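Student: Let me give you the structure first, and then I'll get to my questions.
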Amino acid sequence: MSRRLAALRLELDFFPSPVEDRPGLVLRDPYHYSDATLIIPPVFVQALSIFDGEHTDLDLRQHLNELTGELQVSEMAAHLADILSTSGFLQDDAFFARRDQAWKDFADAPVREAAHAREGGYPEDPIKLRHTFDLYLEGATATETASAIAIAAPHVSPFGGIESYRAAYRSLTPAHRDRTFVILGTSHYGAPDRLGLTTKDFITPYGTARTDAALVDRIAAHAGSSATIEDYCHSFEHSIEFQVVFLQHLYGPDVKILPILVGSYATSLMTGNPPDSEDGVKRLLGSLSELHATEGNKLCWILGVDMAHMGARYGDDLRAEANHGPMQEVAARDQARIERLNAGDADGFWQLVQPHHDDLKWCGSAPFYTFLKAVPEARGTLRQYQQWNIDEASVVSFAGMSFR
C-alpha cells in the first residue's frame, strides 16, 4: 500500500555544499524551527522533487531506482524520507507540532533573548564584546551633530561590514542618548506588505534594551492588520539585534527602542504599482507618519539594511567578486539608488528598484522606502559604501548613511 509523501518546506535555505569532500545540496532552516543542517548527496538531490505533496513512497522508490540503478532502494527511500521528517524539513505533523511549540515558546517568553551572540555574530562575553566593539568603532567621537534624525547601517555580521557600521554610528552623538530608537529592520522571514512588531525587551550580553510598548501599541492600533504583534520572526532576526548591540555599546544597556521588522513590498515588485497603492501598506505607512508627526525629535530612526545580493548563493549565474567585473556595474546602480535616498525621493528610489522585480535583490529596499515615506523631509548623506564577499562566489553590498 503506497502512502503520500509530505511536501518539502520551500522556505528552507538551499545552497551548494561548501565542504570539498562532501558535495551536494545543503538544507537548513532559516526560521530556526530546526537546528539541523543536511548535505544531500548529488545523486539524491533530484529525488527531492518527489517531496511535493503529490507523489507517494512508491514514486520515490521508482525515482531512486532510476537515479542509482539499484534494485533494492526501499531502505534508501525510507531513510531519506525519515531524515527529512525528523529534521523538520517536511510539511508533516511532526513539523507543525515543532512550529506551534516554537511560536508558543516565544509568545510566553518575557523577553527576546540574544540569538546571534552564540552563533558567532559578536562575542557572548560582555568584556570581550566591549573590547571588540571598541576596536570596531575605534573609540571615535561622533562626526555629526544632534540634528541627525536617522542613520542607515548594514545588518551583515559586524566583522564583514564594520567600515559601514562605523561610518553610520559615528553620526550619532551623546545628545541622542535620551531618544527612543526606532529600528526599522529588514524582515527576512516575515510576510510581505506588513510590519512585524513585538513588545518584548531585547537582551544582549550588555543587558536589557527597553522596548517602548506604548508606541508599539499605538502603531498596532493605527496599522490594524498591517502589523502583527510578537511576530515569531523577531526571535531570531539579526537585522534588529545587531543595531541594538551597537546602540547599547554607545549609550548603555537600557536604551529605549522601538523594534519594527518591515516586510518586503513584494506585491509592488510583482505588479509594478507603488507600494502604497495597496491599502494595507498605505495604512502602515500612515501609522509611522503619525508617529513621526507626534514624537518628532524624541525619536531617532535606525535602519538595519543591506543592499545588493549577487552571485551563486543568490541564484545568479555569476561568480561575484567584490568591486570587480560585473560588481562595478552593481556599484554604479547602487549609487544611483543612494542618490535618490539622499534626495528624500521615495518614489524615484522605488522606480529604480521595481524593474525586473529588483534584480539587484536589495533586502533593505522596503525599510528605506518606509522611512522616507514616514519622514519625507529627511535628506541623506552617504558616509561609506562597501561590497563584501560573503563567500567566494557571492557578494553583498551595504552602506553607512546619515539623515538630517
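By convention in this document, the chains of the C-alpha cells carry letters A, B, ... by their order, each chain's residues are numbered from 1, and ligands are numbered from 1 in the order they are shown.
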Identify, on the basis of only C-alpha atoms, every residue whose closest approach to Ile240 (chain A) does not exceed 9 Å; exclude the query and any residue fewer than 4 positions from it along the same chain; express the result as a PDB file with C-alpha atoms, in the first residue's frame.
Tutor:
ATOM      1  CA  HIS A 155      22.890  44.113   9.070  1.00  0.00           C
ATOM      2  CA  ILE A 183      14.782  50.400  14.470  1.00  0.00           C
ATOM      3  CA  LEU A 184      13.429  49.548  11.018  1.00  0.00           C
ATOM      4  CA  GLY A 185      14.960  46.178  10.212  1.00  0.00           C
ATOM      5  CA  THR A 186      14.630  44.088   7.091  1.00  0.00           C
ATOM      6  CA  HIS A 234      11.763  38.666  15.951  1.00  0.00           C
ATOM      7  CA  VAL A 244      20.649  47.008  19.461  1.00  0.00           C
ATOM      8  CA  VAL A 245      24.168  45.867  20.362  1.00  0.00           C
ATOM      9  CA  PRO A 259      11.864  47.367  17.059  1.00  0.00           C
ATOM     10  CA  ILE A 260       9.980  47.065  13.759  1.00  0.00           C
ATOM     11  CA  LEU A 261      10.506  44.440  11.062  1.00  0.00           C
ATOM     12  CA  LEU A 303      17.678  51.418   9.519  1.00  0.00           C
ATOM     13  CA  GLY A 304      19.200  47.925   9.629  1.00  0.00           C
TER      14      GLY A 304
END
Student: List the neighbours of Ala107 (chain A) out to 10 Å using only C-alpha atoms; skip same-chain residues closer than 4 positions along the sequence, and give me the result as a list of chain:residue names.
Tutor: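 Residues near the query, excluding close chain neighbours: A:Gln101, A:Ala102, A:Trp103, A:Val111, A:Arg112, A:Thr198, A:Lys200, A:Ile229, A:Glu230, A:Asp231, A:Tyr232, A:Ser235.
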Student: Go ahead and compute the interatomic distance for CA of Ile40 (chain A) and CA of Leu27 (chain A), in Å to one decimal.
Tutor: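 Atom-to-atom, CA of Ile40 (chain A) and CA of Leu27 (chain A) are spaced 7.5 Å apart.
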Student: Find the residues near region 270-286 of chain A: any atom within 10 Å, counting only C-alpha atoms, skip ones fewer than 6 places away on the same chain, and give them as a PyMOL selection string.
Tutor: chain A and resi 192-195+219-220+222-227+262+264+292+347+350-351+354-358+366+369-374
Student: Store the residues of this selection in a file with N, CA, C and O atoms, as a compact mmCIF listing (two decimals), in the first residue's frame.
Tutor:
# COMPACT_ATOMS: atom_id res chain seq x y z
N PRO A 192 5.10 39.60 3.49
CA PRO A 192 5.29 40.87 2.78
C PRO A 192 4.20 41.87 3.13
O PRO A 192 3.15 41.52 3.67
N ASP A 193 4.48 43.14 2.80
CA ASP A 193 3.50 44.23 2.93
C ASP A 193 2.97 44.35 4.36
O ASP A 193 1.80 44.63 4.58
N ARG A 194 3.86 44.16 5.34
CA ARG A 194 3.42 44.10 6.73
C ARG A 194 4.55 44.52 7.65
O ARG A 194 5.72 44.33 7.34
N LEU A 195 4.18 45.09 8.80
CA LEU A 195 5.13 45.35 9.87
C LEU A 195 5.07 44.22 10.88
O LEU A 195 3.99 43.77 11.25
N ILE A 219 1.18 52.00 17.16
CA ILE A 219 1.34 51.58 15.76
C ILE A 219 0.38 50.45 15.43
O ILE A 219 -0.27 50.45 14.37
N ALA A 220 0.26 49.48 16.33
CA ALA A 220 -0.63 48.35 16.08
C ALA A 220 -2.07 48.81 15.93
O ALA A 220 -2.81 48.33 15.05
N HIS A 222 -3.13 51.76 14.94
CA HIS A 222 -3.29 52.56 13.73
C HIS A 222 -3.18 51.69 12.48
O HIS A 222 -3.95 51.87 11.52
N ALA A 223 -2.24 50.74 12.49
CA ALA A 223 -1.98 49.94 11.29
C ALA A 223 -2.94 48.77 11.13
O ALA A 223 -3.09 48.22 10.03
N GLY A 224 -3.60 48.36 12.21
CA GLY A 224 -4.55 47.25 12.12
C GLY A 224 -3.88 45.96 11.67
O GLY A 224 -2.82 45.58 12.17
N SER A 225 -4.48 45.31 10.69
CA SER A 225 -3.97 44.02 10.22
C SER A 225 -2.66 44.14 9.46
O SER A 225 -2.05 43.13 9.11
N SER A 226 -2.22 45.36 9.19
CA SER A 226 -0.95 45.56 8.50
C SER A 226 0.25 45.45 9.43
O SER A 226 1.39 45.62 9.00
N ALA A 227 -0.01 45.20 10.73
CA ALA A 227 1.05 45.00 11.70
C ALA A 227 0.69 43.81 12.57
O ALA A 227 -0.46 43.64 12.97
N VAL A 262 10.22 45.24 8.80
CA VAL A 262 9.48 45.71 7.63
C VAL A 262 9.51 44.63 6.57
O VAL A 262 10.57 44.28 6.04
N SER A 264 8.94 42.81 2.94
CA SER A 264 9.19 43.27 1.58
C SER A 264 7.90 43.75 0.93
O SER A 264 6.82 43.24 1.25
N HIS A 292 5.95 59.89 13.64
CA HIS A 292 6.93 60.95 13.42
C HIS A 292 6.33 62.33 13.70
O HIS A 292 6.97 63.20 14.31
N ASP A 347 9.67 57.91 -4.14
CA ASP A 347 9.09 57.39 -5.37
C ASP A 347 10.15 57.18 -6.43
O ASP A 347 10.14 56.16 -7.15
N TRP A 350 12.03 54.07 -5.58
CA TRP A 350 11.31 52.83 -5.88
C TRP A 350 11.23 52.56 -7.38
O TRP A 350 11.22 51.40 -7.80
N GLN A 351 11.23 53.59 -8.18
CA GLN A 351 11.22 53.40 -9.63
C GLN A 351 12.50 52.75 -10.13
O GLN A 351 12.52 52.08 -11.16
N GLN A 354 12.03 48.75 -8.84
CA GLN A 354 10.99 47.88 -9.42
C GLN A 354 11.38 47.08 -10.66
O GLN A 354 10.99 45.92 -10.78
N PRO A 355 12.13 47.66 -11.62
CA PRO A 355 12.37 46.90 -12.87
C PRO A 355 12.95 45.51 -12.62
O PRO A 355 13.82 45.33 -11.76
N HIS A 356 12.44 44.54 -13.37
CA HIS A 356 12.90 43.15 -13.29
C HIS A 356 12.74 42.58 -11.87
O HIS A 356 13.51 41.72 -11.45
N HIS A 357 11.71 43.07 -11.17
CA HIS A 357 11.42 42.59 -9.81
C HIS A 357 12.63 42.75 -8.90
O HIS A 357 12.88 41.94 -8.02
N ASP A 358 13.38 43.81 -9.10
CA ASP A 358 14.60 44.13 -8.36
C ASP A 358 15.66 43.05 -8.54
O ASP A 358 15.91 42.23 -7.65
N ALA A 366 12.61 47.92 1.31
CA ALA A 366 11.35 48.25 1.99
C ALA A 366 11.58 49.15 3.21
O ALA A 366 10.85 50.14 3.38
N TYR A 369 12.30 52.72 1.84
CA TYR A 369 11.09 53.36 1.32
C TYR A 369 10.17 53.77 2.47
O TYR A 369 9.62 54.88 2.48
N THR A 370 10.02 52.89 3.43
CA THR A 370 9.14 53.15 4.57
C THR A 370 9.60 54.38 5.34
O THR A 370 8.79 55.24 5.70
N PHE A 371 10.90 54.47 5.59
CA PHE A 371 11.44 55.61 6.32
C PHE A 371 11.19 56.91 5.57
O PHE A 371 10.74 57.91 6.17
N LEU A 372 11.47 56.93 4.27
CA LEU A 372 11.31 58.17 3.51
C LEU A 372 9.84 58.59 3.43
O LEU A 372 9.54 59.79 3.39
N LYS A 373 8.92 57.64 3.42
CA LYS A 373 7.50 57.99 3.42
C LYS A 373 7.07 58.49 4.80
O LYS A 373 6.21 59.37 4.90
N ALA A 374 7.65 57.93 5.85
CA ALA A 374 7.29 58.35 7.20
C ALA A 374 7.90 59.69 7.56
O ALA A 374 7.31 60.48 8.30
Student: So that I can see what lies close to region 35-38 of chain A, please list as a list in words the residues with an atom at most 6 Å from it, counting only C-alpha atoms and leaving out residues fewer than 5 positions away in the same chain.
Tutor: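 Skipping anything fewer than 5 positions along the chain leaves Val26, Leu27, Arg28 and Ser87 of chain A.
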Student: As a PyMOL selection string, which residues of region 107-318 of chain A does DSSP assign to strand (DSSP E)?
Tutor: chain A and resi 111-112+150-153+180-186+195-197+201-204+207-211+227-229+256-262+299-304+309-311
Student: Keeping C-alpha atoms for every residue in the selection just given, could you write it to a file as a compact mmCIF listing (two decimals), in the first residue's frame?
Tutor:
# COMPACT_ATOMS: atom_id res chain seq x y z
CA VAL A 111 11.97 38.94 26.81
CA ARG A 112 13.58 38.48 23.43
CA ALA A 150 18.37 58.79 11.32
CA ILE A 151 21.18 56.52 10.23
CA ALA A 152 21.30 53.53 7.92
CA ALA A 153 23.72 50.76 8.88
CA THR A 180 13.75 56.34 21.51
CA PHE A 181 15.50 54.49 18.70
CA VAL A 182 13.00 53.35 16.07
CA ILE A 183 14.78 50.40 14.47
CA LEU A 184 13.43 49.55 11.02
CA GLY A 185 14.96 46.18 10.21
CA THR A 186 14.63 44.09 7.09
CA LEU A 195 5.13 45.35 9.87
CA GLY A 196 6.31 42.79 12.42
CA LEU A 197 6.11 44.18 15.97
CA ASP A 201 12.54 43.86 25.69
CA PHE A 202 15.75 42.76 23.94
CA ILE A 203 18.52 41.07 25.91
CA THR A 204 22.14 41.05 24.73
CA GLY A 207 21.97 43.83 29.33
CA THR A 208 18.34 44.65 28.57
CA ALA A 209 17.22 47.21 26.00
CA ARG A 210 13.76 48.52 26.82
CA THR A 211 11.06 48.31 24.16
CA ALA A 227 1.05 45.00 11.70
CA THR A 228 1.45 41.77 13.64
CA ILE A 229 2.30 41.80 17.34
CA LYS A 256 14.89 52.74 24.61
CA ILE A 257 13.97 51.02 21.37
CA LEU A 258 11.01 50.51 19.08
CA PRO A 259 11.86 47.37 17.06
CA ILE A 260 9.98 47.06 13.76
CA LEU A 261 10.51 44.44 11.06
CA VAL A 262 9.48 45.71 7.63
CA LEU A 299 12.87 59.69 18.09
CA CYS A 300 15.98 58.62 16.23
CA TRP A 301 15.48 56.22 13.32
CA ILE A 302 17.92 53.35 12.79
CA LEU A 303 17.68 51.42 9.52
CA GLY A 304 19.20 47.93 9.63
CA HIS A 309 22.87 40.40 -3.13
CA MET A 310 24.66 38.96 -6.14
CA GLY A 311 26.29 35.68 -7.09
Student: Among region 47-186 of chain A, which ones does DSSP place in alpha helix (DSSP H), written as a PyMOL selection string?
Tutor: chain A and resi 57-68+74-86+93-108+126-137+158-169
Student: Restricting the calculation to only C-alpha atoms: of A:Met76, A:Asp217, A:His238, A:Arg61, which residue gets closest to Ala114 (chain A)?
Tutor: A:His238
Student: CA of Leu360 (chain A) and CA of Ala308 (chain A) are how many Å apart?
Tutor: 5.0 Å
Student: For a test of reading the model, state the distance in Å between CA of Pro41 (chain A) and CA of Pro16 (chain A), rounded to one decimal.
Tutor: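 Computing it gives 10.3 Å between the two atoms.
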Student: For Phe44 (chain A), work out the shell of residues within 10 Å, counting only C-alpha atoms and skipping chain neighbours fewer than 2 positions away, then give it as JSON, numbers by chain.
Tutor: {"A": [24, 25, 40, 41, 42, 46, 47, 48, 49, 63, 64, 67, 68, 76, 77, 80]}
Student: Looking at only C-alpha atoms, which of A:Cys233, A:Ala6, A:Val330, A:Ala167 is the one that sits closest to Phe106 (chain A)?
Tutor: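 For Phe106 (chain A), the nearest of the given residues is A:Cys233.
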Student: Fewer than 4 positions away in the same chain doesn't count, so skip those; otherwise give me all residues within 10 Å of Asp57 (chain A), counting only C-alpha atoms, as a short mmCIF file (atom, residue, chain, number, x, y, z; two decimals) with N, CA, C and O atoms, in the first residue's frame.
Tutor:
data_model
loop_
_atom_site.label_atom_id
_atom_site.label_comp_id
_atom_site.auth_asym_id
_atom_site.auth_seq_id
_atom_site.Cartn_x
_atom_site.Cartn_y
_atom_site.Cartn_z
N MET A 1 0.85 -1.19 0.00
CA MET A 1 0.00 0.00 0.00
C MET A 1 0.89 1.24 0.00
O MET A 1 1.77 1.39 0.85
N SER A 2 0.70 2.13 -0.94
CA SER A 2 1.52 3.34 -1.02
C SER A 2 0.96 4.41 -0.09
O SER A 2 -0.21 4.38 0.28
N ARG A 3 1.82 5.35 0.28
CA ARG A 3 1.37 6.49 1.09
C ARG A 3 1.93 7.77 0.48
O ARG A 3 3.04 7.80 -0.05
N ARG A 4 1.13 8.80 0.58
CA ARG A 4 1.54 10.09 0.04
C ARG A 4 2.66 10.68 0.90
O ARG A 4 2.60 10.67 2.12
N LEU A 5 3.67 11.23 0.24
CA LEU A 5 4.77 11.86 0.94
C LEU A 5 4.46 13.32 1.22
O LEU A 5 3.89 14.02 0.38
N ALA A 6 4.85 13.77 2.39
CA ALA A 6 4.67 15.19 2.74
C ALA A 6 5.56 16.05 1.86
O ALA A 6 6.62 15.62 1.39
N ILE A 50 10.38 14.81 -5.61
CA ILE A 50 9.27 13.89 -5.34
C ILE A 50 8.50 14.33 -4.09
O ILE A 50 7.32 14.02 -3.93
N PHE A 51 9.17 15.09 -3.22
CA PHE A 51 8.52 15.55 -1.99
C PHE A 51 7.76 16.85 -2.28
O PHE A 51 8.14 17.95 -1.86
N ARG A 61 10.61 5.42 -4.59
CA ARG A 61 11.45 4.24 -4.82
C ARG A 61 11.75 4.07 -6.30
O ARG A 61 12.88 3.74 -6.69
N GLN A 62 10.75 4.31 -7.14
CA GLN A 62 10.98 4.20 -8.58
C GLN A 62 11.99 5.23 -9.05
O GLN A 62 12.88 4.93 -9.86
N HIS A 63 11.87 6.43 -8.53
CA HIS A 63 12.80 7.50 -8.92
C HIS A 63 14.22 7.17 -8.49
O HIS A 63 15.18 7.37 -9.25
N SER A 74 14.35 0.35 -1.20
CA SER A 74 13.33 0.64 -0.18
C SER A 74 13.95 1.27 1.07
O SER A 74 13.43 2.26 1.61
N ALA A 77 15.06 4.84 0.35
CA ALA A 77 13.93 5.77 0.28
C ALA A 77 13.39 6.07 1.66
O ALA A 77 13.09 7.24 1.99
N ALA A 78 13.27 5.04 2.49
CA ALA A 78 12.75 5.24 3.84
C ALA A 78 13.68 6.13 4.66
O ALA A 78 13.22 6.99 5.43
N ALA A 81 13.28 9.85 3.49
CA ALA A 81 12.03 10.43 4.00
C ALA A 81 12.11 10.65 5.51
O ALA A 81 11.64 11.67 6.02
#
Student: Check the smallest atom-to-atom distance from each of A:Met307, A:Ala117, A:Pro376, A:Glu321 to Leu288 (chain A) using only C-alpha atoms, then report the winner.
Tutor: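 Result for the nearest residue to Leu288 (chain A): A:Pro376.
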Student: Between A:Tyr31, A:Phe246, A:Phe95, A:Tyr169, which is the closest to Thr132 (chain A) once you count only C-alpha atoms?
Tutor: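 Under the stated criterion, the closest residue is A:Phe246.
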Student: Considering only C-alpha atoms, can you say which of A:Leu269, A:Ala214, A:Pro18, A:Gly263 comes closest to Glu392 (chain A)?
Tutor: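 For Glu392 (chain A), the nearest of the candidates is A:Pro18.
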Student: From the set A:His176, A:Arg98, A:Arg166, A:His188, which residue has the shortest atom-to-atom contact distance to Asp306 (chain A), counting only C-alpha atoms?
Tutor: A:His188
